file structure32.txt (compact mmCIF, C-alpha atoms and all ligand atoms)
# COMPACT_ATOMS: atom_id res chain seq x y z
CA MET A 16 4.99 -155.69 -4.49
CA GLN A 17 6.50 -158.81 -2.97
CA LYS A 18 3.85 -160.91 -4.70
CA LEU A 19 4.46 -159.20 -8.01
CA SER A 20 8.22 -159.68 -7.90
CA SER A 21 7.92 -163.37 -6.99
CA ALA A 22 5.36 -163.83 -9.77
CA ILE A 23 7.77 -162.18 -12.22
CA SER A 24 10.71 -164.29 -11.10
CA GLU A 25 8.55 -167.42 -11.35
CA VAL A 26 7.77 -166.60 -14.97
CA PHE A 27 11.46 -166.12 -15.68
CA GLN A 28 12.34 -169.29 -13.83
CA ASN A 29 9.97 -171.20 -16.07
CA PHE A 30 12.01 -169.85 -18.94
CA GLY A 31 15.11 -171.15 -17.25
CA VAL A 32 16.40 -167.86 -15.84
CA VAL A 33 17.00 -169.24 -12.35
CA ASN A 34 19.52 -166.60 -11.36
CA LEU A 35 16.94 -163.88 -11.47
CA LYS A 36 14.97 -165.55 -8.71
CA VAL A 37 18.04 -165.80 -6.52
CA GLU A 38 18.84 -162.18 -7.22
CA SER A 39 15.33 -160.95 -6.50
CA ASN A 40 15.16 -162.96 -3.26
CA SER A 41 18.38 -161.44 -2.02
CA THR A 42 17.30 -157.92 -3.06
CA GLU A 43 14.18 -158.45 -0.98
CA ALA A 44 16.13 -159.86 1.96
CA LEU A 45 18.35 -156.78 1.92
CA HIS A 46 15.48 -154.34 1.52
CA ASN A 47 13.60 -155.94 4.44
CA SER A 48 16.66 -156.34 6.66
CA VAL A 49 16.46 -154.90 10.16
CA PHE A 50 19.15 -152.31 9.38
CA MET A 51 17.49 -151.02 6.18
CA ARG A 52 14.09 -150.92 7.86
CA ALA A 53 15.54 -148.86 10.69
CA CYS A 54 17.11 -146.46 8.15
CA ARG A 55 13.60 -145.93 6.77
CA ARG A 56 12.22 -145.55 10.35
CA GLU A 57 10.00 -148.60 10.03
CA GLU A 58 9.11 -150.89 12.96
CA VAL A 59 11.75 -153.56 13.59
CA PRO A 60 11.78 -156.78 15.69
CA TYR A 61 14.95 -155.62 17.50
CA THR A 62 17.35 -152.68 17.34
CA PRO A 63 20.01 -153.18 14.66
CA VAL A 64 23.61 -152.72 15.73
CA TRP A 65 26.94 -152.30 13.95
CA LEU A 66 30.14 -150.62 15.14
CA MET A 67 32.28 -148.00 13.47
CA ARG A 68 35.75 -149.44 12.72
CA GLN A 69 34.41 -152.92 13.43
CA ALA A 70 37.16 -154.39 11.23
CA GLY A 71 40.36 -153.19 12.84
CA ARG A 72 43.38 -153.72 15.01
CA TYR A 73 41.50 -154.89 18.12
CA MET A 74 40.71 -158.08 16.17
CA PRO A 75 43.38 -160.83 15.93
CA GLU A 76 42.13 -161.90 12.46
CA TYR A 77 42.75 -158.33 11.23
CA ARG A 78 46.21 -158.17 12.81
CA ASP A 79 47.13 -161.45 11.05
CA VAL A 80 46.29 -159.94 7.66
CA ARG A 81 48.11 -156.68 8.54
CA ALA A 82 51.24 -158.66 9.48
CA ARG A 83 51.50 -159.56 5.77
CA VAL A 84 50.55 -156.28 4.05
CA SER A 85 50.65 -152.55 4.74
CA PHE A 86 47.42 -150.69 5.49
CA LEU A 87 47.28 -149.10 2.01
CA GLU A 88 48.02 -152.45 0.32
CA LEU A 89 45.17 -153.96 2.31
CA CYS A 90 42.81 -151.21 1.13
CA LYS A 91 43.97 -151.70 -2.46
CA THR A 92 43.64 -155.50 -2.54
CA PRO A 93 39.90 -156.22 -2.99
CA SER A 94 40.04 -159.87 -1.88
CA LEU A 95 41.75 -158.90 1.41
CA ALA A 96 39.50 -155.89 2.01
CA ALA A 97 36.49 -158.16 1.44
CA GLU A 98 37.92 -160.80 3.76
CA VAL A 99 38.41 -158.44 6.73
CA THR A 100 35.00 -156.82 6.17
CA VAL A 101 33.14 -160.13 6.14
CA THR A 102 35.15 -161.70 8.99
CA ALA A 103 34.35 -158.80 11.32
CA ALA A 104 30.63 -158.78 10.47
CA GLU A 105 30.31 -162.55 10.95
CA ARG A 106 32.37 -162.74 14.12
CA LEU A 107 30.42 -159.93 15.81
CA ARG A 108 26.99 -160.99 14.44
CA VAL A 109 26.21 -157.35 13.66
CA ASP A 110 23.33 -156.22 11.43
CA ALA A 111 25.41 -154.40 8.81
CA ALA A 112 28.93 -154.52 7.38
CA ILE A 113 30.98 -151.46 6.43
CA ILE A 114 33.35 -151.77 3.51
CA PHE A 115 36.98 -151.86 4.57
CA ALA A 116 38.59 -148.74 3.11
CA ASP A 117 39.64 -145.30 4.39
CA ILE A 118 38.23 -141.81 4.05
CA LEU A 119 41.58 -140.60 2.68
CA LEU A 120 41.79 -142.90 -0.38
CA ILE A 121 39.93 -140.35 -2.51
CA ILE A 122 42.59 -137.69 -2.03
CA GLU A 123 45.21 -139.57 -4.10
CA PRO A 124 43.36 -139.04 -7.40
CA MET A 125 43.10 -135.35 -6.40
CA GLY A 126 46.88 -135.13 -6.69
CA LEU A 127 47.80 -135.49 -3.00
CA GLN A 128 50.58 -137.78 -1.79
CA LEU A 129 49.25 -139.97 1.00
CA GLU A 130 51.21 -142.16 3.37
CA PHE A 131 50.23 -144.05 6.51
CA SER A 132 53.34 -143.95 8.63
CA LYS A 133 53.75 -146.29 11.58
CA GLY A 134 52.47 -144.80 14.82
CA GLU A 135 51.82 -141.39 13.26
CA GLY A 136 48.64 -142.01 11.29
CA PRO A 137 48.07 -140.43 7.89
CA VAL A 138 50.56 -137.96 6.39
CA ILE A 139 49.92 -135.88 3.27
CA HIS A 140 53.27 -134.80 1.83
CA ASN A 141 51.97 -131.90 -0.29
CA PRO A 142 49.28 -130.17 1.82
CA VAL A 143 47.14 -127.40 0.34
CA ARG A 144 47.70 -124.03 2.02
CA SER A 145 47.13 -121.35 -0.64
CA VAL A 146 45.16 -120.39 -3.75
CA ALA A 147 48.02 -121.69 -5.90
CA ASP A 148 47.88 -125.03 -4.05
CA VAL A 149 44.12 -125.26 -4.59
CA LYS A 150 44.69 -124.59 -8.30
CA ARG A 151 47.02 -127.59 -8.58
CA MET A 152 44.47 -129.97 -7.02
CA HIS A 153 42.85 -132.32 -9.55
CA GLU A 154 39.19 -132.87 -10.16
CA VAL A 155 38.38 -136.59 -9.69
CA GLU A 156 37.67 -136.98 -13.42
CA ASP A 157 38.06 -140.69 -13.67
CA ILE A 158 36.47 -142.46 -10.72
CA GLY A 159 38.09 -145.62 -12.12
CA ALA A 160 41.20 -144.58 -10.16
CA LEU A 161 39.35 -145.98 -7.13
CA GLU A 162 38.28 -149.16 -8.89
CA PHE A 163 39.87 -151.26 -6.12
CA VAL A 164 37.22 -149.94 -3.69
CA PHE A 165 34.37 -150.83 -6.05
CA ALA A 166 35.87 -154.27 -6.67
CA ALA A 167 36.07 -154.76 -2.89
CA VAL A 168 32.39 -153.74 -2.58
CA ARG A 169 31.40 -156.27 -5.27
CA GLU A 170 33.42 -159.08 -3.67
CA THR A 171 32.13 -158.27 -0.21
CA ARG A 172 28.52 -158.11 -1.38
CA ALA A 173 28.90 -161.53 -3.01
CA ALA A 174 30.39 -163.05 0.16
CA LEU A 175 28.10 -161.49 2.78
CA ARG A 176 24.97 -163.16 4.08
CA SER A 177 22.10 -162.05 1.85
CA ASP A 178 20.26 -160.22 4.64
CA ILE A 179 23.28 -158.21 5.85
CA PRO A 180 23.48 -154.79 4.15
CA LEU A 181 26.83 -153.33 3.16
CA ILE A 182 27.53 -149.69 4.03
CA GLY A 183 29.69 -147.64 1.67
CA PHE A 184 31.35 -144.52 3.08
CA ALA A 185 33.39 -141.40 2.54
CA GLY A 186 34.75 -138.51 4.57
CA ALA A 187 32.53 -135.44 4.59
CA PRO A 188 33.97 -132.37 2.80
CA PHE A 189 35.16 -130.59 5.97
CA THR A 190 36.94 -133.58 7.50
CA LEU A 191 38.66 -134.34 4.19
CA ALA A 192 39.62 -130.69 3.74
CA SER A 193 41.11 -130.65 7.24
CA TYR A 194 43.49 -133.50 6.33
CA ILE A 195 44.28 -131.99 2.92
CA VAL A 196 45.18 -128.60 4.45
CA GLU A 197 46.84 -129.71 7.70
CA GLY A 198 48.73 -132.58 6.05
CA GLY A 199 47.61 -134.97 8.80
CA ALA A 200 45.83 -135.02 12.13
CA SER A 201 45.46 -131.71 13.96
CA LYS A 202 44.48 -130.29 17.30
CA ASN A 203 43.51 -126.69 16.55
CA TYR A 204 43.06 -126.73 12.75
CA VAL A 205 45.01 -123.51 12.43
CA HIS A 206 45.93 -123.96 8.76
CA THR A 207 42.42 -125.10 7.82
CA LYS A 208 40.69 -122.19 9.52
CA SER A 209 43.28 -119.70 8.25
CA LEU A 210 42.54 -120.69 4.65
CA MET A 211 38.80 -120.54 5.39
CA TYR A 212 38.99 -117.03 6.91
CA ASN A 213 41.74 -115.49 4.78
CA ASP A 214 40.78 -116.82 1.38
CA SER A 215 37.19 -117.92 1.38
CA GLY A 216 37.19 -118.05 -2.45
CA ALA A 217 39.96 -120.67 -2.45
CA TRP A 218 38.25 -122.49 0.44
CA HIS A 219 34.93 -122.79 -1.39
CA ALA A 220 36.68 -123.75 -4.64
CA MET A 221 38.43 -126.60 -2.80
CA MET A 222 35.23 -127.70 -1.04
CA LEU A 223 33.38 -127.73 -4.39
CA LEU A 224 36.07 -129.85 -5.98
CA ILE A 225 36.05 -132.31 -3.05
CA SER A 226 32.23 -132.47 -3.05
CA ARG A 227 32.00 -133.24 -6.77
CA GLY A 228 34.49 -136.10 -6.31
CA LEU A 229 32.56 -137.42 -3.30
CA ILE A 230 29.26 -137.63 -5.18
CA LYS A 231 30.86 -139.72 -7.93
CA TYR A 232 32.72 -141.87 -5.40
CA LEU A 233 29.70 -142.64 -3.19
CA ASN A 234 27.39 -143.34 -6.13
CA ALA A 235 29.98 -145.69 -7.63
CA GLN A 236 30.04 -147.61 -4.31
CA VAL A 237 26.24 -147.84 -4.51
CA GLU A 238 26.47 -149.00 -8.11
CA ALA A 239 28.97 -151.68 -7.04
CA GLY A 240 26.59 -153.04 -4.38
CA ALA A 241 26.45 -150.85 -1.24
CA GLN A 242 22.92 -150.55 0.21
CA ALA A 243 23.51 -147.39 2.30
CA VAL A 244 26.26 -144.80 2.66
CA GLN A 245 27.78 -142.96 5.60
CA LEU A 246 29.50 -139.59 5.57
CA PHE A 247 32.13 -139.28 8.33
CA ASP A 248 32.51 -135.68 9.46
CA SER A 249 34.76 -136.79 12.30
CA TRP A 250 36.43 -133.45 13.03
CA VAL A 251 33.65 -130.97 12.22
CA GLY A 252 33.07 -130.37 15.96
CA THR A 253 35.98 -127.94 15.92
CA LEU A 254 33.79 -125.35 14.15
CA SER A 255 31.46 -122.72 15.59
CA PRO A 256 27.84 -123.01 14.40
CA ASP A 257 28.21 -119.83 12.31
CA ASP A 258 31.35 -121.09 10.60
CA TYR A 259 29.67 -124.45 9.95
CA ARG A 260 26.74 -122.71 8.30
CA GLU A 261 28.90 -120.48 6.12
CA TYR A 262 31.84 -122.68 5.16
CA VAL A 263 30.58 -126.26 5.37
CA LEU A 264 26.82 -126.73 5.30
CA PRO A 265 26.24 -125.91 1.59
CA HIS A 266 28.92 -128.39 0.54
CA THR A 267 27.79 -131.27 2.76
CA ARG A 268 24.23 -130.61 1.62
CA SER A 269 25.21 -130.80 -2.04
CA VAL A 270 26.96 -134.14 -1.48
CA ILE A 271 23.94 -135.62 0.32
CA ARG A 272 21.56 -134.31 -2.36
CA GLY A 273 23.76 -135.89 -5.03
CA ILE A 274 23.43 -139.45 -3.65
CA THR A 275 21.35 -141.86 -5.74
CA PRO A 276 17.72 -141.40 -4.61
CA GLY A 277 16.41 -144.10 -2.27
CA VAL A 278 19.82 -144.90 -0.77
CA PRO A 279 19.84 -144.09 2.96
CA VAL A 280 22.54 -141.64 4.06
CA ILE A 281 23.98 -141.67 7.59
CA HIS A 282 25.47 -138.29 8.49
CA PHE A 283 27.93 -138.69 11.36
CA GLY A 284 30.19 -136.34 13.27
CA THR A 285 31.83 -136.05 16.69
CA GLY A 286 31.87 -133.10 19.09
CA THR A 287 28.71 -131.94 17.34
CA ALA A 288 26.47 -131.09 20.34
CA ALA A 289 26.33 -127.46 19.15
CA LEU A 290 25.84 -128.39 15.49
CA LEU A 291 23.11 -131.03 15.44
CA GLU A 292 20.33 -128.86 14.02
CA LEU A 293 22.69 -127.61 11.31
CA MET A 294 23.83 -131.12 10.43
CA ARG A 295 20.18 -132.09 10.15
CA GLU A 296 19.66 -129.12 7.83
CA ALA A 297 22.57 -130.30 5.68
CA GLY A 298 20.77 -133.63 5.32
CA GLY A 299 20.83 -137.34 5.94
CA ASP A 300 18.23 -139.98 6.76
CA VAL A 301 20.04 -140.89 9.98
CA ILE A 302 22.13 -138.54 12.12
CA GLY A 303 25.13 -140.19 13.83
CA LEU A 304 25.65 -139.04 17.43
CA ASP A 305 28.71 -139.19 19.65
CA TRP A 306 28.43 -139.98 23.39
CA ARG A 307 28.66 -136.36 24.57
CA VAL A 308 24.94 -135.86 23.95
CA ARG A 309 21.99 -137.72 25.46
CA LEU A 310 20.31 -139.70 22.71
CA ASP A 311 16.73 -138.70 23.60
CA GLU A 312 17.60 -134.98 23.77
CA ALA A 313 19.57 -135.11 20.52
CA TRP A 314 16.74 -136.95 18.77
CA SER A 315 14.18 -134.33 19.84
CA ARG A 316 16.49 -131.62 18.58
CA VAL A 317 16.97 -133.13 15.11
CA GLY A 318 13.34 -134.28 15.00
CA HIS A 319 11.83 -137.72 14.58
CA GLU A 320 11.53 -137.31 10.80
CA VAL A 321 15.11 -138.62 10.78
CA GLY A 322 16.66 -141.63 12.48
CA VAL A 323 19.58 -141.51 14.90
CA MET A 324 22.64 -143.73 15.25
CA GLY A 325 24.70 -144.17 18.41
CA ASN A 326 25.98 -143.54 20.88
CA LEU A 327 28.00 -145.56 23.39
CA ASP A 328 31.36 -144.10 24.42
CA PRO A 329 33.95 -146.48 22.85
CA VAL A 330 35.94 -146.31 26.10
CA VAL A 331 33.03 -147.94 27.99
CA LEU A 332 34.12 -151.18 26.25
CA PHE A 333 37.19 -151.18 28.53
CA ALA A 334 34.94 -151.47 31.61
CA GLY A 335 33.54 -154.69 33.05
CA ILE A 336 30.76 -156.36 31.12
CA ASP A 337 28.07 -155.43 33.65
CA HIS A 338 28.84 -151.76 33.17
CA VAL A 339 28.87 -152.17 29.38
CA ARG A 340 25.45 -153.84 29.50
CA SER A 341 23.90 -151.22 31.77
CA GLU A 342 25.23 -148.33 29.64
CA ALA A 343 23.90 -150.00 26.48
CA SER A 344 20.52 -150.54 28.16
CA ARG A 345 20.44 -146.88 29.14
CA ILE A 346 20.87 -145.85 25.49
CA LEU A 347 18.11 -148.26 24.44
CA ASP A 348 15.89 -146.73 27.13
CA TYR A 349 16.55 -143.25 25.72
CA ALA A 350 15.58 -144.52 22.27
CA ASN A 351 12.45 -146.03 23.85
CA GLY A 352 11.79 -148.44 20.97
CA GLN A 353 10.97 -145.61 18.58
CA PRO A 354 11.51 -146.50 14.93
CA GLY A 355 14.74 -145.20 13.45
CA HIS A 356 17.35 -146.01 16.11
CA ILE A 357 20.49 -147.82 14.98
CA PHE A 358 22.75 -148.80 17.86
CA ASN A 359 26.45 -147.96 17.43
CA LEU A 360 29.36 -146.49 19.35
CA GLY A 361 29.75 -142.72 19.44
CA HIS A 362 33.01 -143.09 17.46
CA GLY A 363 35.25 -145.92 16.17
CA ILE A 364 36.33 -148.92 18.28
CA LEU A 365 39.75 -148.33 19.83
CA PRO A 366 42.66 -150.67 19.04
CA GLU A 367 43.02 -152.35 22.47
CA THR A 368 39.29 -153.10 22.94
CA PRO A 369 38.60 -156.68 24.19
CA VAL A 370 36.82 -158.63 21.43
CA ASP A 371 34.72 -160.66 23.90
CA THR A 372 33.27 -157.47 25.34
CA VAL A 373 32.35 -156.26 21.85
CA ILE A 374 30.56 -159.54 21.09
CA ALA A 375 28.76 -159.40 24.46
CA LEU A 376 27.62 -155.84 23.66
CA VAL A 377 26.12 -156.86 20.31
CA ASP A 378 24.30 -159.85 21.88
CA HIS A 379 23.00 -157.66 24.70
CA VAL A 380 21.58 -155.03 22.32
CA HIS A 381 19.78 -157.76 20.38
CA GLU A 382 18.39 -159.44 23.49
CA ILE A 383 17.29 -156.37 25.41
CA SER A 384 15.70 -154.63 22.43
CA HIS A 385 13.76 -157.70 21.25
CA ARG A 386 10.15 -156.75 20.57
CA ASN A 387 7.18 -158.76 19.49
CA CYS A 388 6.18 -157.25 16.18
O1 LIG A 401 34.71 -149.16 10.15
C1 LIG A 401 35.33 -150.04 9.51
O2 LIG A 401 35.53 -151.18 9.95
C2 LIG A 401 35.80 -149.71 8.10
C3 LIG A 401 37.11 -149.20 8.00
C4 LIG A 401 37.48 -147.76 8.25
C5 LIG A 401 38.84 -147.39 8.41
N1 LIG A 401 38.92 -146.03 8.43
C6 LIG A 401 39.97 -148.33 8.49
C7 LIG A 401 41.22 -147.90 9.12
C8 LIG A 401 36.74 -146.59 8.27
C9 LIG A 401 35.23 -146.40 8.22
C10 LIG A 401 37.67 -145.50 8.38
C11 LIG A 401 37.27 -144.09 8.37
C12 LIG A 401 38.27 -143.07 8.75
N2 LIG A 401 39.58 -143.01 8.41
C13 LIG A 401 37.97 -141.92 9.50
C14 LIG A 401 36.60 -141.54 9.98
C15 LIG A 401 36.22 -142.31 11.17
C16 LIG A 401 36.87 -141.86 12.42
O3 LIG A 401 37.46 -142.69 13.09
O4 LIG A 401 36.73 -140.67 12.73
C17 LIG A 401 39.15 -141.17 9.65
C18 LIG A 401 39.30 -139.88 10.38
C19 LIG A 401 40.16 -141.87 8.94
C20 LIG A 401 41.57 -141.45 8.75
C21 LIG A 401 42.49 -142.40 9.40
N3 LIG A 401 42.74 -143.68 8.93
C22 LIG A 401 43.28 -142.19 10.54
C23 LIG A 401 43.27 -140.92 11.38
C24 LIG A 401 44.02 -143.35 10.74
C25 LIG A 401 45.11 -143.54 11.74
C26 LIG A 401 44.60 -143.62 13.11
C27 LIG A 401 44.35 -145.04 13.43
O5 LIG A 401 43.26 -145.33 13.96
O6 LIG A 401 45.26 -145.83 13.19
C28 LIG A 401 43.64 -144.29 9.75
C29 LIG A 401 44.11 -145.66 9.59
C30 LIG A 401 43.09 -146.74 9.62
N4 LIG A 401 41.89 -146.71 8.93
C31 LIG A 401 43.19 -147.99 10.29
C32 LIG A 401 42.03 -148.72 9.97
C33 LIG A 401 41.68 -150.13 10.40
C34 LIG A 401 44.38 -148.46 11.10
C35 LIG A 401 45.44 -148.83 10.14
C36 LIG A 401 46.26 -150.01 10.57
O7 LIG A 401 45.84 -151.15 10.35
O8 LIG A 401 47.35 -149.77 11.07

call {"tool": "encode", "arguments": {"input": "structure32.txt", "output": "structure tokens"}}
result
Amino acid sequence: MQKLSSAISEVFQNFGVVNLKVESNSTEALHNSVFMRACRREEVPYTPVWLMRQAGRYMPEYRDVRARVSFLELCKTPSLAAEVTVTAAERLRVDAAIIFADILLIIEPMGLQLEFSKGEGPVIHNPVRSVADVKRMHEVEDIGALEFVFAAVRETRAALRSDIPLIGFAGAPFTLASYIVEGGASKNYVHTKSLMYNDSGAWHAMMLLISRGLIKYLNAQVEAGAQAVQLFDSWVGTLSPDDYREYVLPHTRSVIRGITPGVPVIHFGTGTAALLELMREAGGDVIGLDWRVRLDEAWSRVGHEVGVMGNLDPVVLFAGIDHVRSEASRILDYANGQPGHIFNLGHGILPETPVDTVIALVDHVHEISHRNC
């Protein structure tokens, strides 16, 4: 295959189409990158590592940009979103970049009024609490409303090293629904579960509408240049296994099945120790684990036909470097060099995390996992 594609690009080069060669070389470099190989559960020379929320407030370069623009302006300015994405990936020397955006951007074209207020996190001014509210939600007809994300993906792809894959992402249907119904963060998800239990018709109608929008959104990120996608089901751990199966699984499954074939999907959640088999049933090439489960046990439960990502407690990064290294080594021991492990935290990096410790973690994972293959 490699031979064929270089033969083809040679022919074209002889006709003066030099760009094609460059393009085909970089496509190959991406396809054979350590991260993409791990997504396909192939042997790798070392365990790839990236960190959720790797571009964020713990990093002085990010804070400098944020001093000039609001969070939403940053998300909506492709050159700035590309800059913070690439800076974080280069500074940390990680094996993949994740596009700088937010899971909540997609709710604006659904007719919801989103604001990120200082200190409070996201606020949705017109939350959905009833059948009538669901009826006034919009279908994401024109995915062009999120063109700034796709432009950021294109700019980032052009600026990233040619062997560093770019991950596109979205919130999974349940986590998005929880924000849409609660109007912001929540502890007990009372409004969300009330809608689910009291009006399951409205609940499923809303989940269908969200899921259809997500498929378009994720595939448009792929089209713009993302090599893999991740679904964040950050708050799904609040559900019982039976509720997950009835109210969530069919929707998450339909989103994952709708992703462009051949594009690896990482399916991540937190507090999911009781849900792992069900998340696996919903789909994904790689299941993202939080730190509350042991990686080897979780991997046996989901089966080695899928990869796993994780799962260092983000708070370990506040400990001394020796402790960080030994905890990371322990996770690598649990993975035991089996193909399909992507090292990550069990959730996003916290704002006060020391950058030097993060860099030392990435270097340690590379060093310790180095194999001769
Ligand atoms: O990982 C990356 O580097 C890419 C960027 C990224 C952000 N949000 C940037 C962000 C990603 C992947 C997300 C996903 C996201 N957003 C999730 C799922 C992941 C998770 O942590 O569970 C969720 C639940 C959200 C919603 C959201 N966005 C919340 C709850 C908040 C406020 C809380 C907080 O951490 O401030 C945000 C804001 C947000 N998204 C920030 C960043 C860097 C902080 C905004 C700032 O600069 O002030």

call {"tool": "axis_aligned_box", "arguments": {"input": "structure32.txt", "around": "ligand LIG 401 (chain A)", "padding_each_side": "6 Å", "output": "AutoDock Vina command-line options"}}
result
--center_x 41.0 --center_y -145.5 --center_z 11.0 --size_x 24.6 --size_y 23.3 --size_z 18.0

call {"tool": "residues_near_ligand", "arguments": {"input": "structure32.txt", "ligand": "ligand LIG 401 (chain A)", "cutoff": "7 Å", "atoms": "only C-alpha atoms and all ligand atoms", "output": "ChimeraX atom specification"}}
result
/A:66-72,81,86,100,113-119,136-137,184,186,200,247,249,362-363

call {"tool": "residues_near_point", "arguments": {"input": "structure32.txt", "point": "(47.6, -130.8, 3.3)", "cutoff": "7 Å", "atoms": "all atoms listed in the file", "output": "PDB file with C-alpha atoms, in the coordinates of the input"}}
result
ATOM      1  CA  ILE A 139      49.920-135.880   3.270  1.00  0.00           C
ATOM      2  CA  ASN A 141      51.970-131.900  -0.290  1.00  0.00           C
ATOM      3  CA  PRO A 142      49.280-130.170   1.820  1.00  0.00           C
ATOM      4  CA  VAL A 143      47.140-127.400   0.340  1.00  0.00           C
ATOM      5  CA  ARG A 144      47.700-124.030   2.020  1.00  0.00           C
ATOM      6  CA  TYR A 194      43.490-133.500   6.330  1.00  0.00           C
ATOM      7  CA  ILE A 195      44.280-131.990   2.920  1.00  0.00           C
ATOM      8  CA  VAL A 196      45.180-128.600   4.450  1.00  0.00           C
ATOM      9  CA  GLU A 197      46.840-129.710   7.700  1.00  0.00           C
ATOM     10  CA  GLY A 198      48.730-132.580   6.050  1.00  0.00           C
ATOM     11  CA  GLY A 199      47.610-134.970   8.800  1.00  0.00           C
TER      12      GLY A 199
END

call {"tool": "residues_near_point", "arguments": {"input": "structure32.txt", "point": "(30.9, -128.8, 17.5)", "cutoff": "6 Å", "atoms": "all atoms listed in the file", "output": "list in words"}}
result
Gly252, Thr253, Leu254, Gly286, Thr287, Ala288, Ala289 and Leu290 of chain A

call {"tool": "closest_residue", "arguments": {"input": "structure32.txt", "among": "A:Leu223, A:Leu376, A:Val168, A:Ala235", "to": "A:Pro180", "atoms": "all atoms listed in the file"}}
result
A:Val168

call {"tool": "closest_residue", "arguments": {"input": "structure32.txt", "among": "A:Asp328, A:Glu135, A:Asp311, A:Glu123", "to": "A:Glu154", "atoms": "all atoms listed in the file"}}
result
A:Glu123

call {"tool": "closest_residue", "arguments": {"input": "structure32.txt", "among": "A:Gly159, A:Pro256, A:Pro63, A:Pro75", "to": "A:Thr368", "atoms": "all atoms listed in the file"}}
result
A:Pro75

call {"tool": "closest_residue", "arguments": {"input": "structure32.txt", "among": "A:Thr171, A:Thr275, A:Thr42, A:Ser341", "to": "A:Ala104", "atoms": "only C-alpha atoms"}}
result
A:Thr171

call {"tool": "atom_distance", "arguments": {"input": "structure32.txt", "atom1": "atom CA of A:Asn40", "atom2": "atom CA of A:Ala241"}}
result
16.7 Å

call {"tool": "closest_residue", "arguments": {"input": "structure32.txt", "among": "A:Val377, A:Ile383, A:Ile230, A:Glu320", "to": "A:Asp348", "atoms": "only C-alpha atoms"}}
result
A:Ile383

call {"tool": "closest_residue", "arguments": {"input": "structure32.txt", "among": "A:Arg172, A:Trp218, A:Glu76, A:Val99", "to": "A:Ala147", "atoms": "only C-alpha atoms"}}
result
A:Trp218

call {"tool": "atom_distance", "arguments": {"input": "structure32.txt", "atom1": "atom CA of A:Ile225", "atom2": "atom CA of A:Ile182"}}
result
20.6 Å

call {"tool": "atom_distance", "arguments": {"input": "structure32.txt", "atom1": "atom CA of A:Pro60", "atom2": "atom CA of A:Gly352"}}
result
9.9 Å

call {"tool": "residues_around", "arguments": {"input": "structure32.txt", "residues": "A:Ala173", "least_positions_apart": "5", "cutoff": "10 Å", "atoms": "all atoms listed in the file", "output": "ChimeraX atom specification"}}
result
/A:97,167-168,240

call {"tool": "write_last_selection", "arguments": {"input": "structure32.txt", "atoms": "C-alpha atoms", "output": "mmCIF file, keeping the file's coordinate frame"}}
result
data_model
loop_
_atom_site.group_PDB
_atom_site.id
_atom_site.type_symbol
_atom_site.label_atom_id
_atom_site.label_comp_id
_atom_site.auth_asym_id
_atom_site.auth_seq_id
_atom_site.Cartn_x
_atom_site.Cartn_y
_atom_site.Cartn_z
ATOM 1 C CA ALA A 97 36.490 -158.160 1.440
ATOM 2 C CA ALA A 167 36.070 -154.760 -2.890
ATOM 3 C CA VAL A 168 32.390 -153.740 -2.580
ATOM 4 C CA GLY A 240 26.590 -153.040 -4.380
#

call {"tool": "residues_around", "arguments": {"input": "structure32.txt", "residues": "A:Pro188", "least_positions_apart": "6", "cutoff": "10 Å", "atoms": "all atoms listed in the file", "output": "list of chain:residue names"}}
result
A:Met221, A:Met222, A:Leu223, A:Leu224, A:Ile225, A:Ser226, A:Arg227, A:Gly228, A:Leu229, A:Leu246, A:Phe247, A:Asp248, A:Val251, A:Val263, A:Leu264, A:His266, A:Thr267, A:Arg268, A:Val270

call {"tool": "residues_around", "arguments": {"input": "structure32.txt", "residues": "A:Ala44", "least_positions_apart": "2", "cutoff": "12 Å", "atoms": "all atoms listed in the file", "output": "list of chain:residue names"}}
result
A:Gln17, A:Val37, A:Glu38, A:Ser39, A:Asn40, A:Ser41, A:Thr42, A:His46, A:Asn47, A:Ser48, A:Val49, A:Phe50, A:Met51, A:Arg52, A:Arg176, A:Ser177, A:Asp178, A:Ile179, A:Pro180, A:Gln242

call {"tool": "write_last_selection", "arguments": {"input": "structure32.txt", "atoms": "C-alpha atoms", "output": "compact mmCIF listing (two decimals), in the frame of the given file"}}
result
# COMPACT_ATOMS: atom_id res chain seq x y z
CA GLN A 17 6.50 -158.81 -2.97
CA VAL A 37 18.04 -165.80 -6.52
CA GLU A 38 18.84 -162.18 -7.22
CA SER A 39 15.33 -160.95 -6.50
CA ASN A 40 15.16 -162.96 -3.26
CA SER A 41 18.38 -161.44 -2.02
CA THR A 42 17.30 -157.92 -3.06
CA HIS A 46 15.48 -154.34 1.52
CA ASN A 47 13.60 -155.94 4.44
CA SER A 48 16.66 -156.34 6.66
CA VAL A 49 16.46 -154.90 10.16
CA PHE A 50 19.15 -152.31 9.38
CA MET A 51 17.49 -151.02 6.18
CA ARG A 52 14.09 -150.92 7.86
CA ARG A 176 24.97 -163.16 4.08
CA SER A 177 22.10 -162.05 1.85
CA ASP A 178 20.26 -160.22 4.64
CA ILE A 179 23.28 -158.21 5.85
CA PRO A 180 23.48 -154.79 4.15
CA GLN A 242 22.92 -150.55 0.21
